[in-house]
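> So I've got this file, data-v4.cif, and it contains mmCIF, C-alpha atoms:
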```
data_my_file
loop_
_atom_site.label_atom_id
_atom_site.label_comp_id
_atom_site.auth_asym_id
_atom_site.auth_seq_id
_atom_site.Cartn_x
_atom_site.Cartn_y
_atom_site.Cartn_z
CA MET A 1 6.50 14.16 24.98
CA GLU A 2 7.23 12.41 21.70
CA ARG A 3 7.28 8.64 21.57
CA ARG A 4 8.47 6.31 18.82
CA VAL A 5 5.64 4.45 17.09
CA VAL A 6 5.92 0.95 15.63
CA ILE A 7 3.74 -1.37 13.57
CA THR A 8 3.24 -4.74 15.24
CA ALA A 9 0.58 -6.33 13.01
CA ALA A 10 -0.86 -5.88 9.50
CA SER A 11 -3.53 -7.57 7.43
CA ALA A 12 -5.40 -6.86 4.21
CA ILE A 13 -8.19 -8.11 1.98
CA THR A 14 -7.37 -7.09 -1.59
CA PRO A 15 -8.26 -7.93 -5.20
CA ILE A 16 -5.06 -10.04 -5.36
CA GLY A 17 -5.58 -11.94 -2.16
CA HIS A 18 -6.33 -12.06 1.51
CA GLY A 19 -3.42 -12.20 3.96
CA LYS A 20 0.32 -11.97 3.51
CA LYS A 21 0.95 -15.28 1.74
CA GLN A 22 -1.51 -14.75 -1.14
CA ILE A 23 -0.71 -11.06 -1.55
CA THR A 24 3.06 -11.57 -1.63
CA GLU A 25 2.79 -14.48 -4.08
CA ASN A 26 0.64 -12.44 -6.44
CA LEU A 27 2.89 -9.37 -6.19
CA LEU A 28 5.88 -11.54 -7.11
CA ALA A 29 3.92 -13.15 -9.95
CA GLY A 30 2.82 -9.75 -11.30
CA LYS A 31 -0.81 -10.79 -11.15
CA SER A 32 -3.51 -8.24 -11.88
CA GLY A 33 -6.74 -8.24 -9.89
CA SER A 34 -8.72 -6.56 -12.68
CA TYR A 35 -11.35 -8.65 -14.36
CA ARG A 36 -14.44 -8.21 -16.41
CA PHE A 37 -17.32 -7.57 -14.07
CA ALA A 38 -20.40 -9.65 -14.85
CA LYS A 39 -23.17 -7.57 -16.31
CA THR A 40 -25.56 -6.66 -13.56
CA ARG A 41 -28.77 -4.73 -13.87
CA TRP A 42 -26.82 -1.68 -12.63
CA SER A 43 -23.96 -1.83 -15.08
CA ALA A 44 -26.31 -2.63 -17.94
CA ALA A 45 -28.53 0.29 -17.09
CA LEU A 46 -25.64 2.71 -16.87
CA SER A 47 -23.52 1.17 -19.67
CA ILE A 48 -20.39 1.85 -17.66
CA PRO A 49 -16.97 0.27 -18.01
CA VAL A 50 -16.89 -3.27 -16.76
CA SER A 51 -13.23 -3.57 -15.99
CA THR A 52 -13.07 -3.54 -12.23
CA ALA A 53 -10.78 -4.97 -9.62
CA ARG A 54 -12.42 -6.54 -6.62
CA TRP A 55 -12.10 -9.33 -4.16
CA ILE A 56 -13.21 -12.34 -6.15
CA ILE A 57 -16.30 -14.08 -4.84
CA PRO A 58 -17.49 -17.43 -6.19
CA SER A 59 -20.13 -16.44 -8.73
CA ASN A 60 -22.48 -19.28 -7.79
CA THR A 61 -23.15 -17.84 -4.33
CA THR A 62 -25.87 -15.38 -3.45
CA SER A 63 -25.01 -12.35 -1.37
CA LYS A 64 -26.54 -13.92 1.73
CA GLU A 65 -24.51 -17.09 1.27
CA ARG A 66 -21.45 -14.99 0.62
CA THR A 67 -21.90 -13.24 3.92
CA ALA A 68 -22.48 -16.46 5.80
CA LYS A 69 -19.57 -18.26 4.14
CA GLN A 70 -17.00 -15.55 4.44
CA TRP A 71 -17.92 -13.98 7.72
CA GLY A 72 -19.28 -16.97 9.58
CA GLN A 73 -16.10 -17.16 11.62
CA LEU A 74 -16.49 -13.67 13.04
CA PRO A 75 -17.45 -13.37 16.68
CA THR A 76 -21.10 -12.39 16.95
CA THR A 77 -20.96 -10.79 20.37
CA PRO A 78 -18.59 -8.13 21.67
CA ALA A 79 -15.42 -9.80 22.92
CA ARG A 80 -15.56 -8.19 26.33
CA MET B 81 -23.26 -4.43 9.37
CA GLY B 82 -22.89 -3.63 5.66
CA PRO B 83 -20.23 -5.32 3.48
CA VAL B 84 -17.76 -2.50 4.12
CA ALA B 85 -17.87 -3.16 7.88
CA TYR B 86 -17.33 -6.89 7.32
CA TYR B 87 -14.09 -6.12 5.52
CA ALA B 88 -13.09 -3.77 8.33
CA CYS B 89 -13.97 -6.18 11.15
CA GLN B 90 -12.26 -9.11 9.44
CA VAL B 91 -8.92 -7.32 9.01
CA ALA B 92 -9.26 -5.82 12.51
CA LYS B 93 -9.78 -9.31 13.96
CA GLU B 94 -6.69 -10.61 12.17
CA VAL B 95 -4.57 -7.69 13.31
CA LEU B 96 -5.70 -8.03 16.94
CA GLU B 97 -4.84 -11.74 16.88
CA GLN B 98 -1.49 -11.14 15.19
CA SER B 99 -0.50 -8.41 17.63
CA GLY B 100 -0.91 -10.73 20.62
CA LEU B 101 -2.27 -7.85 22.71
CA PRO B 102 -4.06 -9.16 25.81
CA GLN B 103 -7.82 -8.76 26.11
CA GLU B 104 -7.50 -6.58 29.24
CA PHE B 105 -5.41 -4.10 27.26
CA ILE B 106 -7.74 -4.05 24.23
CA THR B 107 -10.68 -3.05 26.43
CA SER B 108 -8.70 -0.81 28.80
CA GLY B 109 -9.24 2.50 27.00
CA LYS B 110 -5.50 2.75 26.28
CA MET B 111 -6.15 1.56 22.73
CA GLY B 112 -8.25 3.42 20.16
CA VAL B 113 -9.47 2.93 16.61
CA ALA B 114 -8.81 5.08 13.54
CA PHE B 115 -10.77 3.61 10.66
CA GLY B 116 -12.86 4.90 7.80
CA SER B 117 -14.63 4.37 4.52
CA ILE B 118 -15.71 6.78 1.79
CA HIS B 119 -19.40 6.84 2.63
CA GLY B 120 -20.36 3.89 4.76
CA SER B 121 -22.10 1.16 2.84
CA PRO B 122 -23.41 2.22 -0.59
CA THR B 123 -25.25 -1.11 -0.88
CA VAL B 124 -27.29 -0.27 2.19
CA GLN B 125 -27.81 3.33 1.03
CA ARG B 126 -29.21 1.97 -2.21
CA ASP B 127 -31.72 -0.11 -0.25
CA ILE B 128 -32.81 2.96 1.72
CA TYR B 129 -33.30 5.07 -1.43
CA LYS B 130 -35.13 2.26 -3.14
CA ILE B 131 -37.76 2.22 -0.39
CA PHE B 132 -37.91 6.01 -0.45
CA PHE B 133 -38.38 6.42 -4.20
CA GLU B 134 -40.68 3.43 -4.62
CA ALA B 135 -42.94 4.39 -1.71
CA LYS B 136 -46.60 4.54 -2.72
CA ASP B 137 -47.72 6.36 0.40
CA LYS B 138 -46.32 7.69 3.65
CA ALA B 139 -46.78 4.38 5.45
CA ASP B 140 -44.14 2.81 3.18
CA TYR B 141 -41.46 4.99 4.76
CA GLN B 142 -41.81 2.83 7.85
CA ASN B 143 -39.98 0.15 5.89
CA ILE B 144 -36.77 2.18 6.06
CA GLY B 145 -34.82 0.30 8.71
CA ALA B 146 -33.60 2.44 11.59
CA VAL B 147 -30.54 0.21 11.76
CA ASP B 148 -29.79 0.91 8.09
CA TYR B 149 -28.42 4.27 9.12
CA LEU B 150 -25.90 2.52 11.37
CA LYS B 151 -24.78 0.41 8.41
CA SER B 152 -24.42 3.33 6.03
CA MET B 153 -23.02 6.11 8.24
CA VAL B 154 -19.53 7.28 7.47
CA HIS B 155 -17.99 5.96 10.71
CA THR B 156 -19.66 2.55 10.43
CA THR B 157 -16.32 0.69 10.08
CA ALA B 158 -14.73 2.30 13.13
CA VAL B 159 -17.65 1.77 15.50
CA ASN B 160 -18.39 -1.77 14.34
CA ILE B 161 -14.79 -2.60 15.23
CA THR B 162 -15.14 -1.00 18.67
CA LYS B 163 -18.37 -2.91 19.31
CA MET B 164 -17.10 -6.25 18.08
CA PHE B 165 -13.88 -6.21 20.08
CA GLY B 166 -14.92 -4.08 23.04
CA ILE B 167 -12.46 -1.26 22.30
CA THR B 168 -13.08 1.76 24.55
CA GLY B 169 -10.40 4.27 23.54
CA ARG B 170 -10.48 7.15 21.04
CA VAL B 171 -12.40 6.87 17.78
CA ILE B 172 -11.12 8.71 14.70
CA ALA B 173 -13.19 8.16 11.56
CA SER B 174 -11.67 9.99 8.61
CA GLY B 175 -13.89 10.27 5.59
CA THR B 176 -11.58 11.98 3.13
CA ALA B 177 -12.16 9.73 0.12
CA CYS B 178 -8.88 8.28 -1.18
CA THR B 179 -6.79 9.54 1.75
CA THR B 180 -9.10 7.99 4.38
CA ALA B 181 -6.85 5.10 5.36
CA SER B 182 -3.59 7.04 5.16
CA GLN B 183 -5.13 9.70 7.41
CA SER B 184 -6.28 6.95 9.78
CA ILE B 185 -2.74 5.61 10.05
CA GLY B 186 -1.32 9.13 10.25
CA TYR B 187 -3.69 10.35 12.97
CA GLY B 188 -3.28 7.06 14.83
CA TYR B 189 0.48 7.58 14.66
CA GLU B 190 0.09 11.07 16.12
CA ALA B 191 -2.18 9.80 18.91
CA VAL B 192 0.47 7.28 19.99
CA LYS B 193 3.41 9.61 19.35
CA TYR B 194 2.02 12.29 21.65
CA GLY B 195 0.99 9.84 24.36
CA LEU B 196 -2.80 10.14 23.94
CA GLN B 197 -3.11 6.37 23.42
CA ASP B 198 -0.64 3.49 23.85
CA ALA B 199 -1.91 1.66 20.77
CA MET B 200 -4.15 2.44 17.79
CA LEU B 201 -5.85 0.03 15.41
CA CYS B 202 -5.79 1.89 12.09
CA GLY B 203 -6.97 1.31 8.54
CA GLY B 204 -9.68 1.69 5.97
CA ALA B 205 -12.16 -0.33 3.94
CA ASP B 206 -14.45 0.13 0.99
CA GLU B 207 -16.89 -2.04 -0.91
CA TYR B 208 -17.28 -2.02 -4.66
CA ASP B 209 -20.24 -0.08 -5.89
CA THR B 210 -21.27 0.64 -9.45
CA ILE B 211 -22.17 4.21 -8.52
CA THR B 212 -18.52 4.80 -7.65
CA VAL B 213 -17.58 3.64 -11.14
CA ALA B 214 -20.27 5.83 -12.70
CA VAL B 215 -19.06 8.92 -10.83
CA PHE B 216 -15.43 8.41 -11.87
CA ASP B 217 -16.52 7.59 -15.41
CA ASN B 218 -18.53 10.80 -15.63
CA LEU B 219 -15.41 12.66 -14.52
CA LEU B 220 -13.62 10.94 -17.44
CA ALA B 221 -11.29 9.30 -14.89
CA CYS B 222 -12.18 5.63 -15.56
CA SER B 223 -10.19 3.34 -17.79
CA THR B 224 -12.34 2.31 -20.75
CA ALA B 225 -9.86 1.33 -23.46
CA PHE B 226 -9.18 -2.15 -22.08
CA ASN B 227 -12.65 -3.43 -21.32
CA ASP B 228 -11.91 -6.56 -23.36
CA GLN B 229 -8.52 -7.10 -21.68
CA PRO B 230 -9.08 -5.91 -18.11
CA GLN B 231 -5.74 -7.33 -16.89
CA ARG B 232 -3.96 -4.70 -18.98
CA THR B 233 -5.37 -1.82 -16.94
CA PRO B 234 -4.77 0.30 -14.86
CA ARG B 235 -1.38 1.29 -16.27
CA PRO B 236 0.31 3.83 -13.97
CA PHE B 237 2.95 6.02 -15.68
CA ASP B 238 2.50 4.11 -18.98
CA LYS B 239 2.03 5.89 -22.29
CA LEU B 240 -1.27 4.05 -22.90
CA ARG B 241 -2.78 4.68 -19.46
CA ASP B 242 -6.35 5.91 -19.69
CA GLY B 243 -7.66 6.07 -16.16
CA LEU B 244 -8.34 4.25 -12.96
CA VAL B 245 -10.06 0.95 -12.22
CA VAL B 246 -12.36 0.83 -9.20
CA GLY B 247 -11.48 -1.79 -6.62
CA GLU B 248 -12.47 -2.75 -3.11
CA GLY B 249 -11.00 -4.25 0.04
CA GLY B 250 -9.76 -3.47 3.49
CA GLY B 251 -6.53 -3.12 5.38
CA ALA B 252 -5.53 -2.64 9.02
CA VAL B 253 -2.35 -2.13 11.00
CA MET B 254 -1.65 -2.06 14.73
CA LEU B 255 0.38 0.93 15.89
CA GLU B 256 2.00 0.84 19.33
CA ASP B 257 4.33 2.86 21.48
CA TYR B 258 7.81 1.44 20.78
CA GLU B 259 8.76 1.04 24.45
CA PHE B 260 5.46 -0.70 25.23
CA ALA B 261 5.85 -3.07 22.26
CA LYS B 262 9.47 -3.84 23.14
CA LYS B 263 8.62 -4.50 26.78
CA ARG B 264 5.93 -7.03 25.95
CA GLY B 265 8.13 -8.72 23.33
CA ALA B 266 5.91 -7.89 20.36
CA ASN B 267 6.97 -8.65 16.79
CA ILE B 268 7.92 -5.23 15.38
CA ILE B 269 7.44 -5.07 11.61
CA ALA B 270 8.53 -1.46 11.10
CA GLU B 271 8.54 2.01 12.61
CA VAL B 272 6.32 4.86 11.44
CA ILE B 273 8.80 7.74 11.29
CA GLY B 274 6.71 10.49 9.76
CA PHE B 275 3.37 11.69 8.47
CA ALA B 276 2.14 14.82 6.78
CA CYS B 277 -1.22 15.97 5.49
CA ASN B 278 -2.08 19.23 3.76
CA ASN B 279 -4.52 20.70 1.29
CA ASN B 280 -3.94 22.20 -2.13
CA GLY B 281 -6.17 25.12 -1.22
CA GLY B 282 -7.63 25.17 -4.69
CA ASP B 283 -9.48 22.92 -7.07
CA MET B 284 -11.62 20.04 -5.80
CA ILE B 285 -10.48 17.58 -8.46
CA LEU B 286 -7.44 18.73 -10.43
CA PRO B 287 -4.08 17.51 -9.12
CA ASN B 288 -1.85 20.31 -7.89
CA LEU B 289 1.93 20.20 -8.24
CA ALA B 290 2.71 22.84 -5.60
CA GLY B 291 0.39 21.22 -3.05
CA ILE B 292 1.70 17.69 -3.55
CA THR B 293 5.35 18.79 -3.57
CA GLN B 294 4.70 20.58 -0.28
CA THR B 295 3.15 17.39 1.20
CA LEU B 296 6.23 15.36 0.39
CA LYS B 297 8.52 18.05 1.84
CA LEU B 298 6.44 18.23 5.04
CA GLY B 299 6.59 14.44 5.38
CA VAL B 300 10.38 14.33 5.07
CA GLU B 301 10.61 17.21 7.56
CA ASN B 302 8.31 15.43 10.01
CA ALA B 303 10.39 12.25 9.76
CA LYS B 304 13.57 14.30 10.31
CA ILE B 305 15.38 12.51 7.49
CA ASN B 306 17.22 13.44 4.32
CA PRO B 307 15.08 12.75 1.23
CA ARG B 308 18.00 10.68 -0.12
CA GLU B 309 17.36 8.14 2.64
CA VAL B 310 14.04 7.09 1.09
CA ASP B 311 14.63 4.04 -1.09
CA LEU B 312 11.07 3.17 -2.11
CA VAL B 313 8.08 5.36 -2.96
CA SER B 314 4.63 3.79 -3.21
CA ALA B 315 2.97 6.38 -5.42
CA HIS B 316 -0.75 7.15 -5.42
CA ALA B 317 -0.54 6.58 -9.21
CA THR B 318 -4.17 6.03 -10.15
CA ALA B 319 -3.20 5.90 -13.87
CA THR B 320 -5.16 9.00 -14.81
CA LYS B 321 -3.59 11.11 -17.55
CA MET B 322 -2.80 14.21 -15.50
CA GLY B 323 -2.49 12.77 -11.97
CA ASP B 324 0.49 10.54 -12.75
CA ILE B 325 2.45 13.34 -14.45
CA ILE B 326 1.96 15.76 -11.55
CA GLU B 327 2.91 13.07 -9.02
CA ALA B 328 6.03 12.05 -10.96
CA GLN B 329 7.09 15.71 -11.08
CA ALA B 330 6.57 16.12 -7.33
CA ILE B 331 8.52 12.92 -6.54
CA GLY B 332 11.29 14.08 -8.87
CA ALA B 333 11.43 17.49 -7.17
CA VAL B 334 11.65 16.11 -3.61
CA PHE B 335 13.22 12.64 -3.86
CA GLY B 336 15.01 12.96 -7.22
CA ASP B 337 15.68 9.76 -9.16
CA ASN B 338 17.12 7.96 -6.14
CA PRO B 339 14.20 5.84 -4.83
CA TYR B 340 12.39 3.21 -6.83
CA VAL B 341 8.82 4.32 -7.52
CA ILE B 342 5.97 1.82 -7.75
CA GLY B 343 2.26 2.13 -8.43
CA LEU B 344 0.52 -0.67 -6.53
CA LYS B 345 -2.86 0.23 -8.03
CA SER B 346 -1.62 -1.57 -11.15
CA TYR B 347 -2.34 -4.81 -9.21
CA ILE B 348 -5.43 -3.95 -7.20
CA GLY B 349 -7.07 -0.99 -8.88
CA HIS B 350 -8.16 1.93 -6.78
CA THR B 351 -9.46 0.50 -3.52
CA MET B 352 -10.68 3.98 -2.50
CA ALA B 353 -10.81 4.46 1.29
CA ALA B 354 -8.73 1.31 1.76
CA CYS B 355 -5.87 2.18 -0.59
CA GLY B 356 -3.62 3.94 1.94
CA ALA B 357 -3.74 0.97 4.29
CA ILE B 358 -3.45 -1.75 1.62
CA GLU B 359 -0.53 0.02 -0.07
CA THR B 360 1.20 0.54 3.29
CA ILE B 361 0.74 -3.15 4.12
CA MET B 362 2.09 -4.28 0.73
CA THR B 363 5.10 -2.02 1.31
CA LEU B 364 5.56 -3.61 4.76
CA TYR B 365 5.55 -7.07 3.15
CA MET B 366 8.28 -5.92 0.73
CA MET B 367 10.28 -4.57 3.67
CA GLU B 368 9.91 -7.83 5.58
CA ASP B 369 10.80 -10.08 2.64
CA GLY B 370 13.36 -7.84 0.90
CA PHE B 371 11.87 -7.29 -2.54
CA ILE B 372 10.30 -4.55 -4.64
CA ALA B 373 7.15 -5.37 -6.60
CA PRO B 374 7.20 -3.46 -9.89
CA THR B 375 4.44 -1.39 -11.44
CA ILE B 376 2.74 -3.90 -13.71
CA ASN B 377 1.40 -2.85 -17.12
CA LEU B 378 4.17 -0.25 -17.25
CA GLN B 379 5.53 -1.16 -20.67
CA GLU B 380 6.46 2.18 -22.16
CA ILE B 381 7.09 4.97 -19.67
CA ASP B 382 5.36 8.23 -20.56
CA GLU B 383 8.23 10.68 -21.16
CA ARG B 384 6.47 13.20 -18.92
CA CYS B 385 6.79 10.69 -16.04
CA ALA B 386 10.34 9.64 -16.88
CA MET B 387 12.28 11.84 -14.43
CA ILE B 388 11.90 9.26 -11.64
CA LYS B 389 13.23 5.70 -11.25
CA HIS B 390 10.46 3.22 -12.07
CA ALA B 391 10.60 -0.43 -11.02
CA GLN B 392 9.53 -2.49 -14.05
CA LYS B 393 10.54 -5.95 -12.87
CA VAL B 394 10.71 -7.69 -9.50
CA LEU B 395 13.82 -6.55 -7.65
CA SER B 396 15.44 -8.58 -4.88
CA GLN B 397 16.74 -5.90 -2.61
CA PRO B 398 16.26 -4.65 0.92
CA VAL B 399 13.88 -1.77 1.56
CA LYS B 400 14.87 0.30 4.58
CA THR B 401 12.88 3.51 4.32
CA ALA B 402 9.68 3.86 2.32
CA ALA B 403 7.15 6.60 1.60
CA ILE B 404 3.48 5.91 0.88
CA GLN B 405 1.64 8.72 -0.89
CA ASN B 406 -2.09 9.24 -1.33
CA PHE B 407 -4.16 12.11 -2.67
CA ALA B 408 -7.90 12.70 -2.56
CA PHE B 409 -10.67 14.75 -4.10
CA GLY B 410 -11.00 18.03 -2.27
CA GLY B 411 -7.25 18.58 -2.60
CA VAL B 412 -6.26 16.48 0.44
CA ASN B 413 -2.76 15.01 0.27
CA THR B 414 -0.97 12.62 2.64
CA ILE B 415 2.40 10.97 2.98
CA LEU B 416 3.43 8.27 5.45
CA LEU B 417 7.07 7.34 6.04
CA ILE B 418 8.00 3.95 7.45
CA ARG B 419 11.36 2.42 8.30
CA LYS B 420 12.61 -1.06 9.03
CA LEU B 421 14.18 -1.31 12.47
CA ALA B 422 17.88 -2.14 12.34
#
```
Show me the file's structure as structure tokens.

Amino acid sequence: MERRVVITAASAITPIGHGKKQITENLLAGKSGSYRFAKTRWSAALSIPVSTARWIIPSNTTSKERTAKQWGQLPTTPAR
Amino acid sequence: MGPVAYYACQVAKEVLEQSGLPQEFITSGKMGVAFGSIHGSPTVQRDIYKIFFEAKDKADYQNIGAVDYLKSMVHTTAVNITKMFGITGRVIASGTACTTASQSIGYGYEAVKYGLQDAMLCGGADEYDTITVAVFDNLLACSTAFNDQPQRTPRPFDKLRDGLVVGEGGGAVMLEDYEFAKKRGANIIAEVIGFACNNNGGDMILPNLAGITQTLKLGVENAKINPREVDLVSAHATATKMGDIIEAQAIGAVFGDNPYVIGLKSYIGHTMAACGAIETIMTLYMMEDGFIAPTINLQEIDERCAMIKHAQKVLSQPVKTAAIQNFAFGGVNTILLIRKLA
């Protein structure tokens, strides 16, 4: 038995945006997500290239705050 | 949960909401998850090693959290999704580096196609880690010539390209049996019409023209279409010196100069285990809205990549059939073919 398979939903978090609106706008604007990565103790120690693309996080937040801010809306218990 | 699983769970949550699938179905066992990352959470792995290497005596090893393994294991994204949303169907957790997400979508497609599951939540995620950059840099694969102007790199198919840029992110899609989706009145974005995966059977790192050409041929065969029907190719195009040439040659050999070819990594860098999903989703957006996003930073086409039709500016035109290509270390190659429903 072979069935046809369709896509009924799609979502992404990317270096040029989260969700369809932001991503499409930035694709149309030709925006690059690459930026100069702040020197961390890791990059300084390894003297590696600092041109990386990543989802941009406000630099004044700590990693714990980042988690709380960005993922606070997630359900904390299984949605059974 | 490590950062990589947050990305995965967030996109999974959005896709579940968007799909409108009822809760009874999600937990029924008729829906599974195909999701992966390159190696779980490197941030958490670093914490584990730190305790290990800085231990003064045996007692210090007790500080290694038992739960840290759950955060750093290779199927952490897939099982965190199942736990968070109560999904009880199949679990497929590919861990094939840069083809992880395209394999997830491909194997999810096969699971639905052959009636093993009625729906599959598929995708991939990866978090940025400096070790990833160091590894690629040591392989001479990282872009280093534009460190002062990062927006000018990566440059797929361009004469001045000098390597990839490491990125991060996550992407997920919901795959469903067409009849089931139609019956419940779901919004159908596109149809997955084909998938192929093979191995070069040779070098771990070097791109392989025969292997990649074969992948593309197998994909077209699986989709039961004529290669001329493909009007957009989302190339893997990492912007490495050799990789782009080999890929352009393979596209030229199978699809000719008919489809527009784009390298979406020019926008987002190489999002590793997420790239297959993110690039598929971007292609879906182009299909929905009727445009082609060009390869940015492609100013002067390398003559060795010039046998294919590159998109260098935004094009307003419908996309009916698209191919998404990804290749990974270890010689693993994938192609996904998607089509807009008439």
> Fewer than 4 positions away in the same chain doesn't count, so skip those; otherwise give me all residues within 9 Å of segment 23-35 of chain A, counting only C-alpha atoms, as a VMD selection string.
(chain A and resid 12 to 19 50 to 56) or (chain B and resid 227 229 to 234 245 to 247 346 to 349 362 365 to 366 369 371 to 377 393 to 394)
> Please save C-alpha atoms of the selected residues as a short mmCIF file (atom, residue, chain, number, x, y, z; two decimals), keeping the file's coordinate frame.

```cif
data_model
loop_
_atom_site.label_atom_id
_atom_site.label_comp_id
_atom_site.auth_asym_id
_atom_site.auth_seq_id
_atom_site.Cartn_x
_atom_site.Cartn_y
_atom_site.Cartn_z
CA ALA A 12 -5.40 -6.86 4.21
CA ILE A 13 -8.19 -8.11 1.98
CA THR A 14 -7.37 -7.09 -1.59
CA PRO A 15 -8.26 -7.93 -5.20
CA ILE A 16 -5.06 -10.04 -5.36
CA GLY A 17 -5.58 -11.94 -2.16
CA HIS A 18 -6.33 -12.06 1.51
CA GLY A 19 -3.42 -12.20 3.96
CA VAL A 50 -16.89 -3.27 -16.76
CA SER A 51 -13.23 -3.57 -15.99
CA THR A 52 -13.07 -3.54 -12.23
CA ALA A 53 -10.78 -4.97 -9.62
CA ARG A 54 -12.42 -6.54 -6.62
CA TRP A 55 -12.10 -9.33 -4.16
CA ILE A 56 -13.21 -12.34 -6.15
CA ASN B 227 -12.65 -3.43 -21.32
CA GLN B 229 -8.52 -7.10 -21.68
CA PRO B 230 -9.08 -5.91 -18.11
CA GLN B 231 -5.74 -7.33 -16.89
CA ARG B 232 -3.96 -4.70 -18.98
CA THR B 233 -5.37 -1.82 -16.94
CA PRO B 234 -4.77 0.30 -14.86
CA VAL B 245 -10.06 0.95 -12.22
CA VAL B 246 -12.36 0.83 -9.20
CA GLY B 247 -11.48 -1.79 -6.62
CA SER B 346 -1.62 -1.57 -11.15
CA TYR B 347 -2.34 -4.81 -9.21
CA ILE B 348 -5.43 -3.95 -7.20
CA GLY B 349 -7.07 -0.99 -8.88
CA MET B 362 2.09 -4.28 0.73
CA TYR B 365 5.55 -7.07 3.15
CA MET B 366 8.28 -5.92 0.73
CA ASP B 369 10.80 -10.08 2.64
CA PHE B 371 11.87 -7.29 -2.54
CA ILE B 372 10.30 -4.55 -4.64
CA ALA B 373 7.15 -5.37 -6.60
CA PRO B 374 7.20 -3.46 -9.89
CA THR B 375 4.44 -1.39 -11.44
CA ILE B 376 2.74 -3.90 -13.71
CA ASN B 377 1.40 -2.85 -17.12
CA LYS B 393 10.54 -5.95 -12.87
CA VAL B 394 10.71 -7.69 -9.50
#
```
> Could you tell me how far atom CA of Asp127 of chain B lies from atom CA of Ile161 of chain B, in Å and to one decimal?
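Rounded to one decimal, the two atoms are 23.1 Å apart.
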> Within 6 Å of chain A, which residues of chain B show up? Give each one with its shortest atom-to-atom distance in Å (one decimal) and the two atoms involved, counting only C-alpha atoms, rows by chain then rising residue number, as a Markdown table.

```
| residue | atom | partner | partner_atom | distance |
| --- | --- | --- | --- | --- |
| B:Val91 | CA | A:Ser11 | CA | 5.6 |
| B:Val95 | CA | A:Ala9 | CA | 5.3 |
| B:Gln98 | CA | A:Ala9 | CA | 5.7 |
| B:Ser99 | CA | A:Ala9 | CA | 5.2 |
| B:Lys163 | CA | A:Pro78 | CA | 5.7 |
| B:Met164 | CA | A:Pro78 | CA | 4.3 |
| B:Phe165 | CA | A:Ala79 | CA | 4.8 |
| B:Gly166 | CA | A:Arg80 | CA | 5.3 |
| B:Lys193 | CA | A:Arg3 | CA | 4.6 |
| B:Tyr194 | CA | A:Glu2 | CA | 5.2 |
| B:Thr224 | CA | A:Pro49 | CA | 5.8 |
| B:Asn227 | CA | A:Ser51 | CA | 5.4 |
| B:Pro230 | CA | A:Tyr35 | CA | 5.2 |
| B:Gln231 | CA | A:Ser34 | CA | 5.2 |
| B:Val245 | CA | A:Thr52 | CA | 5.4 |
| B:Val246 | CA | A:Thr52 | CA | 5.4 |
| B:Gly247 | CA | A:Ala53 | CA | 4.4 |
| B:Glu248 | CA | A:Arg54 | CA | 5.2 |
| B:Gly249 | CA | A:Thr14 | CA | 4.9 |
| B:Gly250 | CA | A:Ile13 | CA | 5.1 |
| B:Gly251 | CA | A:Ala12 | CA | 4.1 |
| B:Ala252 | CA | A:Ser11 | CA | 5.6 |
| B:Val253 | CA | A:Ala10 | CA | 4.3 |
| B:Met254 | CA | A:Ala9 | CA | 5.1 |
| B:Leu255 | CA | A:Ile7 | CA | 4.7 |
| B:Glu256 | CA | A:Val6 | CA | 5.4 |
| B:Asp257 | CA | A:Val5 | CA | 4.8 |
| B:Tyr258 | CA | A:Val5 | CA | 5.2 |
| B:Asn267 | CA | A:Thr8 | CA | 5.6 |
| B:Ile268 | CA | A:Thr8 | CA | 4.7 |
| B:Ile269 | CA | A:Thr8 | CA | 5.6 |
| B:Ala270 | CA | A:Ile7 | CA | 5.4 |
| B:Glu271 | CA | A:Val6 | CA | 4.1 |
| B:Val272 | CA | A:Val5 | CA | 5.7 |
| B:Tyr347 | CA | A:Ser32 | CA | 4.5 |
| B:Ile348 | CA | A:Gly33 | CA | 5.2 |
| B:Gly349 | CA | A:Ala53 | CA | 5.5 |
| B:Ala373 | CA | A:Leu27 | CA | 5.9 |
```
> So the first atom is atom CA of Ile292 of chain B and the second is atom CA of Ser117 of chain B; what is the distance between them in Å, to one decimal place?
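Interatomic distance, atom CA of Ile292 of chain B to atom CA of Ser117 of chain B: 22.6 Å.
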> Taking 6 positions as the minimum chain separation for residues in the same chain, which residues sit within 9 Å of Ala328 of chain B when counting all atoms listed in the file? Answer as an MDAnalysis selection string.
chainID B and resid 237 315 317 341 384:388
> Nearest to Ala319 of chain B among B:Gly112, B:Gly100, B:Gly410, B:Gly243, with distances taken over all atoms listed in the file: which residue is it?
B:Gly243
> Name the residues in contact with Ile167 of chain B at a cut-off of 6 Å, using only C-alpha atoms, excluding same-chain residues fewer than 2 positions from it; report them as a PyMOL selection string.
chain B and resi 106-107+162+165
> Which residues are close to Gly323 of chain B, i.e. within 6 Å by all atoms listed in the file, leaving aside same-chain residues fewer than 3 positions away? Reply as a list in words.
Pro287, Thr320 and Ile326 of chain B
